[in-house]
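Enquirer: Just dropping this structure here.
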2 protein chains.
Amino acid sequence: MNAWQVVSQMDNCMDIVAGIDLGGTDTKFGLVNKKGELLAYHSIPTDPNIGYQPFFELLGREIEQLMLSIGDGYRLAGVSVGAPSGNQKNGTIDSASNLKWPEKLPISDILNSIFGLPVTVSNDANAAVLGEMYYGLGRGIKDLICITLGTGLGCGIISDGRLITGANGHAGELGHVIAVENGRQCTCGRKGCLETYVSATGMVRSVLETEPEILQRSLLGNLNRNSLTSKKITSAAMEGDELALEVFDKTAKIFGKTLANSVALLNPRLIILTGGLAKAEKFLLDPTIHYTNHYLLEVHKGSVEIKTSEMNNKKTAILGAAAFMWLRLEGIGQTTF
Amino acid sequence: MNAWQVVSQMDNCMDIVAGIDLGGTDTKFGLVNKKGELLAYHSIPTDPNIGYQPFFELLGREIEQLMLSIGDGYRLAGVSVGAPSGNQKNGTIDSASNLKWPEKLPISDILNSIFGLPVTVSNDANAAVLGEMYYGLGRGIKDLICITLGTGLGCGIISDGRLITGANGHAGELGHVIAVENGRQCTCGRKGCLETYVSATGMVRSVLETEPEILQRSLLGNLNRNSLTSKKITSAAMEGDELALEVFDKTAKIFGKTLANSVALLNPRLIILTGGLAKAEKFLLDPTIHYTNHYLLEVHKGSVEIKTSEMNNKKTAILGAAAFMWLRLEGIGQTTF
């Protein structure tokens with residue numbers, strides 16, 4: 001009998017669920033009640049080098065610590081993970097380009113064996129868009145897209161109030177839309193994918209591909225190539241660095257064209273940007289809105305807004321993952337999936 | 001009291017609906033029973049120059065003739081039109097790039113005043129995808145896309161059994177996805193839209209843009225520039241004409257890349273090509289499948305089929321438009337919209 005099962009035998013406990021946002025760099029997790037309140041939160045680095053079994057056992061111990069931190073009176077009712085290429089249809093992580101774990105990792109079975117509790121799995125971006133629809137800017141909106149800008153670029157789509165999963169649970173791969181013909185090599189094996197330009201790593205590549213003379217004149221030219229991050233590019237942009245501003249503009253142009261093409265297909269009312277890179281609001285959001293409008297079909301102009309998430313970045317995908325589990329536990333709203 | 005109202009007072013009549021496929025070149029229409037059988041069919045040229053009111057009055061007289069042609073015992077219960085930029089949400093045709101009628105033409109009101117009967121309006125490609133899902137290759141498939149290849153390029157999307165309409169009824173504008181940066185001028189005012197390459201008119205442009213020396217060596221070089229059609233390009237390809245084959249290959253490459261990008265977003269099980277150009281199966285379908293697979297993300301490879309419609313070209317959109325009306329009249333299946 002493990003700790004979870006002992007707790008689950010207690011009476012008068014309030015049910016809570018663990019929401020996990022498994023990212024390419026960090027794994028964020030928290031304990032969420034039915035109202036969508038995050039009672040406790042923590043994160044650990046995602047380290048694919050130690051192997052998936054030890055990693056998820058570590059995650060299990062961390063969540064156990066989190067349960068202890070909030071005291072008695074709570075019962076963990078389920079565990080829900082949003083992960084890159086998380087597949088809600090079969091409870092797996094399917095060939096996530098940014099992780100080095102085996103193809104079709106049976107994450108649902110792994111977490112179930114650790115926790116002995118119900119597990120739901122979703123794409124991290126699907127979790128984010130659900131979080132936004134239930135608790136964020138998407139409340140009351142039936143057609144929205146949420147784009148997660150981090151190590152890679154993820155995308156969750158809700159149309160007429162329903163999550164678009166596709167035939168195999170692999171819809172929303174906006175990060176792997178080919179945005180530039182014969183463009184940059186992507187980790188997926190193809191060239192020119194959107195996320196090779198529009199992501200934290202994509203922006204770093206944009207700086208590193210700059211001609212040496214231009215790079216030398218920039219604040220970014222003084223940095224060690226290996227220590228360059230999107231945060232440092234944002235800092236340089238804040239100081240008016242020409243190269244940093246140009247990189248944001250180039251990023252926004254490619255992003256805007258691809259967003260306009262997505263609007264042509266899906267006609268959403270709202271596009272929400274979230275994730276670390278989305279914080280560079282003035283430098284990324286404003287030009288992205290400009291270029292999207294530039295490329296929009298006339299009939300779509302004025303019908304779609306682009307905003308950065310107002311939710312705490314750490315929370316969106318965690319709350320969204322938790323929302324999946326609440327829907328399963330409560331059996332409510334499942335017709336909208 | 002007009003002819004429709006007289007008929008509607010007769011007892012023991014079988015209800016039928018008029019399905020109209022309003023295209024950029026021709027308007028096709030037919031009388032359809034509940035089973036999806038096309039009892040009578042006719043078409044007239046779409047002539048935007050005579051003004052929309054006289055045009056739709058002519059269409060009304062033509063449908064009256066069609067009713068007479070099938071004899072007694074039928075009652076026209078509704079009229080349903082699939083049109084370029086037809087908007088089912090507000091019963092209008094919204095700024096169809098290929099027609100010269102006013103923006104936001106209130107087609108539902110116009111047809112209602114002519115027929116005195118219920119009218120439903122849809123995008124012609126949405127009508128086609130519904131026709132395929134109810135009566136064609138899409139039976140039993142819940143995630144499919146239907147692409148109409150004619151004067152322009154239309155697209156209807158069904159995800160998890162539901163038509164994707166978007167926030168304003170303007171989803172599925174695949175023809176206006178920007179496929180080539182700074183590409184050909186489109187009638188929509190922008191540059192590089194998919195339909196400026198992948199459509200009957202797009203292929204003619206591809207031939208006309210060929211260097212004179214190459215054009216002269218082709219069977220197509222002997223033709224009057226103004227009389228060149230996609231059918232003549234197909235005929236030349238059948239005779240092994242190098243330029244014609246190259247134009248098909250170029251068209252398929254642009255098409256395949258854009259389809260792969262659409263699969264990335266929507267993860268459909270099936271893509272159905274329909275319309276006049278889709279008949280050039282060997283020359284267009286085969287290389288389109290090749291290039292789509294080439295550009296597909298690994299996780300989508302093998303999960304999507306591309307086929308040409310097996311329905312009579314004239315029928316698909318008519319039956320799909322009729323399906324809309326049957327859904328309204330019968331009140332069935334509306335939860336899937």
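We name chains A, B, ... following the order of the structure tokens; residues begin at 1 in each chain, and ligands are numbered from 1 as shown.
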With the cut-off set at 6 Å and counting only C-alpha atoms, tabulate each residue of chain A with an atom at most that distance from an atom of chain B, showing the nearest atom pair and its distance in Å to one decimal, ordered by chain and increasing number, as CSV.
Expert:
```
residue,atom,partner,partner_atom,distance
A:Asp143,CA,B:Ala167,CA,5.8
A:Gly166,CA,B:Asn267,CA,4.5
A:Ala167,CA,B:Pro268,CA,5.5
A:His170,CA,B:Asn267,CA,5.8
A:Ala171,CA,B:Leu266,CA,4.6
A:Gly172,CA,B:Leu265,CA,4.3
A:Glu173,CA,B:Ala264,CA,4.9
A:Leu174,CA,B:Leu265,CA,5.8
A:Val177,CA,B:Asn261,CA,4.9
A:Asn261,CA,B:Val177,CA,4.9
A:Ala264,CA,B:Glu173,CA,4.9
A:Leu265,CA,B:Gly172,CA,4.3
A:Leu266,CA,B:Ala171,CA,4.6
A:Asn267,CA,B:Gly166,CA,4.5
A:Pro268,CA,B:Ala167,CA,5.5
A:Arg269,CA,B:Ala167,CA,5.8
```
Enquirer: Any chance you could export the current selection's N, CA, C and O atoms as a PDB file, in the first residue's frame?
Expert:
```
ATOM      1  N   ASP A 143     -13.904  29.756 -30.082  1.00  0.00           N
ATOM      2  CA  ASP A 143     -12.928  29.479 -31.149  1.00  0.00           C
ATOM      3  C   ASP A 143     -11.620  30.161 -30.770  1.00  0.00           C
ATOM      4  O   ASP A 143     -11.474  31.373 -30.953  1.00  0.00           O
ATOM      5  N   GLY A 166      -7.740  15.647 -33.844  1.00  0.00           N
ATOM      6  CA  GLY A 166      -7.369  14.950 -35.069  1.00  0.00           C
ATOM      7  C   GLY A 166      -7.574  13.452 -34.936  1.00  0.00           C
ATOM      8  O   GLY A 166      -7.868  12.936 -33.849  1.00  0.00           O
ATOM      9  N   ALA A 167      -7.398  12.755 -36.075  1.00  0.00           N
ATOM     10  CA  ALA A 167      -7.712  11.325 -36.144  1.00  0.00           C
ATOM     11  C   ALA A 167      -6.867  10.503 -35.175  1.00  0.00           C
ATOM     12  O   ALA A 167      -7.339   9.519 -34.615  1.00  0.00           O
ATOM     13  N   HIS A 170      -2.967  13.860 -33.021  1.00  0.00           N
ATOM     14  CA  HIS A 170      -1.778  14.630 -33.394  1.00  0.00           C
ATOM     15  C   HIS A 170      -2.117  15.911 -34.166  1.00  0.00           C
ATOM     16  O   HIS A 170      -1.367  16.328 -35.052  1.00  0.00           O
ATOM     17  N   ALA A 171      -3.248  16.529 -33.857  1.00  0.00           N
ATOM     18  CA  ALA A 171      -3.543  17.839 -34.453  1.00  0.00           C
ATOM     19  C   ALA A 171      -2.729  18.909 -33.720  1.00  0.00           C
ATOM     20  O   ALA A 171      -2.120  18.629 -32.677  1.00  0.00           O
ATOM     21  N   GLY A 172      -2.716  20.125 -34.268  1.00  0.00           N
ATOM     22  CA  GLY A 172      -2.091  21.252 -33.583  1.00  0.00           C
ATOM     23  C   GLY A 172      -0.575  21.300 -33.666  1.00  0.00           C
ATOM     24  O   GLY A 172       0.070  21.966 -32.867  1.00  0.00           O
ATOM     25  N   GLU A 173       0.001  20.623 -34.651  1.00  0.00           N
ATOM     26  CA  GLU A 173       1.470  20.643 -34.775  1.00  0.00           C
ATOM     27  C   GLU A 173       1.932  21.882 -35.552  1.00  0.00           C
ATOM     28  O   GLU A 173       2.685  21.781 -36.531  1.00  0.00           O
ATOM     29  N   LEU A 174       1.485  23.051 -35.081  1.00  0.00           N
ATOM     30  CA  LEU A 174       1.843  24.308 -35.751  1.00  0.00           C
ATOM     31  C   LEU A 174       3.356  24.522 -35.772  1.00  0.00           C
ATOM     32  O   LEU A 174       3.901  25.087 -36.719  1.00  0.00           O
ATOM     33  N   VAL A 177       4.712  23.184 -38.932  1.00  0.00           N
ATOM     34  CA  VAL A 177       4.300  23.712 -40.232  1.00  0.00           C
ATOM     35  C   VAL A 177       5.566  24.239 -40.902  1.00  0.00           C
ATOM     36  O   VAL A 177       6.379  24.903 -40.260  1.00  0.00           O
ATOM     37  N   ASN A 261      -2.055  32.224 -41.998  1.00  0.00           N
ATOM     38  CA  ASN A 261      -2.439  30.999 -42.707  1.00  0.00           C
ATOM     39  C   ASN A 261      -3.296  30.090 -41.814  1.00  0.00           C
ATOM     40  O   ASN A 261      -4.229  29.446 -42.299  1.00  0.00           O
ATOM     41  N   ALA A 264      -6.724  31.513 -41.740  1.00  0.00           N
ATOM     42  CA  ALA A 264      -7.434  31.179 -42.990  1.00  0.00           C
ATOM     43  C   ALA A 264      -8.125  29.821 -42.850  1.00  0.00           C
ATOM     44  O   ALA A 264      -9.266  29.645 -43.279  1.00  0.00           O
ATOM     45  N   LEU A 265      -7.462  28.860 -42.237  1.00  0.00           N
ATOM     46  CA  LEU A 265      -8.044  27.519 -42.085  1.00  0.00           C
ATOM     47  C   LEU A 265      -9.072  27.455 -40.962  1.00  0.00           C
ATOM     48  O   LEU A 265     -10.073  26.761 -41.094  1.00  0.00           O
ATOM     49  N   LEU A 266      -8.827  28.168 -39.852  1.00  0.00           N
ATOM     50  CA  LEU A 266      -9.593  27.900 -38.625  1.00  0.00           C
ATOM     51  C   LEU A 266     -10.483  29.043 -38.152  1.00  0.00           C
ATOM     52  O   LEU A 266     -11.354  28.823 -37.323  1.00  0.00           O
ATOM     53  N   ASN A 267     -10.261  30.251 -38.640  1.00  0.00           N
ATOM     54  CA  ASN A 267     -11.104  31.410 -38.281  1.00  0.00           C
ATOM     55  C   ASN A 267     -11.359  31.516 -36.778  1.00  0.00           C
ATOM     56  O   ASN A 267     -12.507  31.534 -36.343  1.00  0.00           O
ATOM     57  N   PRO A 268     -10.280  31.590 -35.978  1.00  0.00           N
ATOM     58  CA  PRO A 268     -10.492  31.722 -34.530  1.00  0.00           C
ATOM     59  C   PRO A 268     -10.830  33.165 -34.152  1.00  0.00           C
ATOM     60  O   PRO A 268     -10.574  34.098 -34.916  1.00  0.00           O
ATOM     61  N   ARG A 269     -11.411  33.332 -32.955  1.00  0.00           N
ATOM     62  CA  ARG A 269     -11.690  34.678 -32.431  1.00  0.00           C
ATOM     63  C   ARG A 269     -10.478  35.215 -31.680  1.00  0.00           C
ATOM     64  O   ARG A 269     -10.250  36.429 -31.624  1.00  0.00           O
TER      65      ARG A 269
END
```
Enquirer: Mind listing the alpha helix (DSSP H) residues of stretch 222-274 of chain A, per DSSP on the backbone, as number ranges by chain?
Expert: A: 230-238, 242-266
Enquirer: Just the number, please: distance in Å from atom CA of B:Thr27 to atom CA of B:Asn90, one decimal.
Expert: 21.3 Å
Enquirer: Need to verify the contact set: stretch 47-53 of chain A, 9 Å, only C-alpha atoms, exclusion of same-chain residues closer than 2 positions in sequence. Can you return it as a list in words?
Expert: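 Listing them by chain and then by number gives Gly24, Thr25, Asp26, Ile44, Pro45, Phe55, Phe56, Glu57, Leu58, Leu99, Lys100, Trp101, Pro102, Leu105 and Ile110 of chain A.
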Enquirer: Using only C-alpha atoms, which residues sit within 10 Å of B:Leu243 once same-chain residues fewer than 4 positions away are excluded, as an NGL selection string?
Expert: :B and (206-207 or 210 or 214-221 or 233 or 236-237 or 247-249)
Enquirer: Taking 6 positions as the minimum chain separation for residues in the same chain, which residues sit within 10 Å of A:Ser230 when counting only C-alpha atoms? Answer as a JSON list (two decimals) with C-alpha atoms, in the first residue's frame.
Expert:
```json
[["chain", "number", "residue", "atom", "x", "y", "z"],
["A", 150, "GLY", "CA", 9.35, 27.82, -25.17],
["A", 151, "THR", "CA", 12.15, 25.51, -26.25],
["A", 199, "SER", "CA", 10.92, 29.66, -30.30],
["A", 200, "ALA", "CA", 13.61, 30.44, -27.75],
["A", 201, "THR", "CA", 16.09, 28.18, -29.56],
["A", 202, "GLY", "CA", 15.02, 29.56, -32.96],
["A", 203, "MET", "CA", 15.75, 33.12, -31.89],
["A", 204, "VAL", "CA", 19.17, 32.10, -30.59],
["A", 205, "ARG", "CA", 19.86, 30.51, -33.99],
["A", 207, "VAL", "CA", 21.44, 35.62, -33.66],
["A", 236, "ALA", "CA", 19.48, 43.48, -25.41],
["A", 244, "ALA", "CA", 18.16, 42.01, -31.07],
["A", 276, "GLY", "CA", 8.64, 32.02, -21.58],
["A", 277, "LEU", "CA", 9.18, 33.77, -24.90],
["A", 280, "ALA", "CA", 8.85, 39.61, -24.41]]
```
Enquirer: Provide the atom CA of A:Thr187 to atom CA of B:Leu259 distance in Å, to one decimal place.
Expert: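 Atom-to-atom, atom CA of A:Thr187 and atom CA of B:Leu259 are spaced 20.9 Å apart.
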Enquirer: I'd like to know which residues of stretch 175-278 of chain A are strand (DSSP E) (by DSSP, run on the backbone); could you write them as a PyMOL selection string?
Expert: chain A and resi 270-274
Enquirer: Using C-alpha atoms, can you export the residues from the last selection as an mmCIF file, in the first residue's frame?
Expert:
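File written: result-v2.cif
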```cif
data_model
loop_
_atom_site.group_PDB
_atom_site.id
_atom_site.type_symbol
_atom_site.label_atom_id
_atom_site.label_comp_id
_atom_site.auth_asym_id
_atom_site.auth_seq_id
_atom_site.Cartn_x
_atom_site.Cartn_y
_atom_site.Cartn_z
ATOM 1 C CA LEU A 270 -8.611 34.726 -30.218
ATOM 2 C CA ILE A 271 -4.979 33.599 -30.352
ATOM 3 C CA ILE A 272 -3.226 33.447 -26.976
ATOM 4 C CA LEU A 273 0.560 33.374 -26.711
ATOM 5 C CA THR A 274 2.027 31.770 -23.614
#
```
Enquirer: For A:Ala127, which residue among A:Ser80, A:Ser108, A:Asn12, A:Ser309 is the nearest when counting only C-alpha atoms?
Expert: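 The answer is A:Ser80, which sits nearest to A:Ala127.
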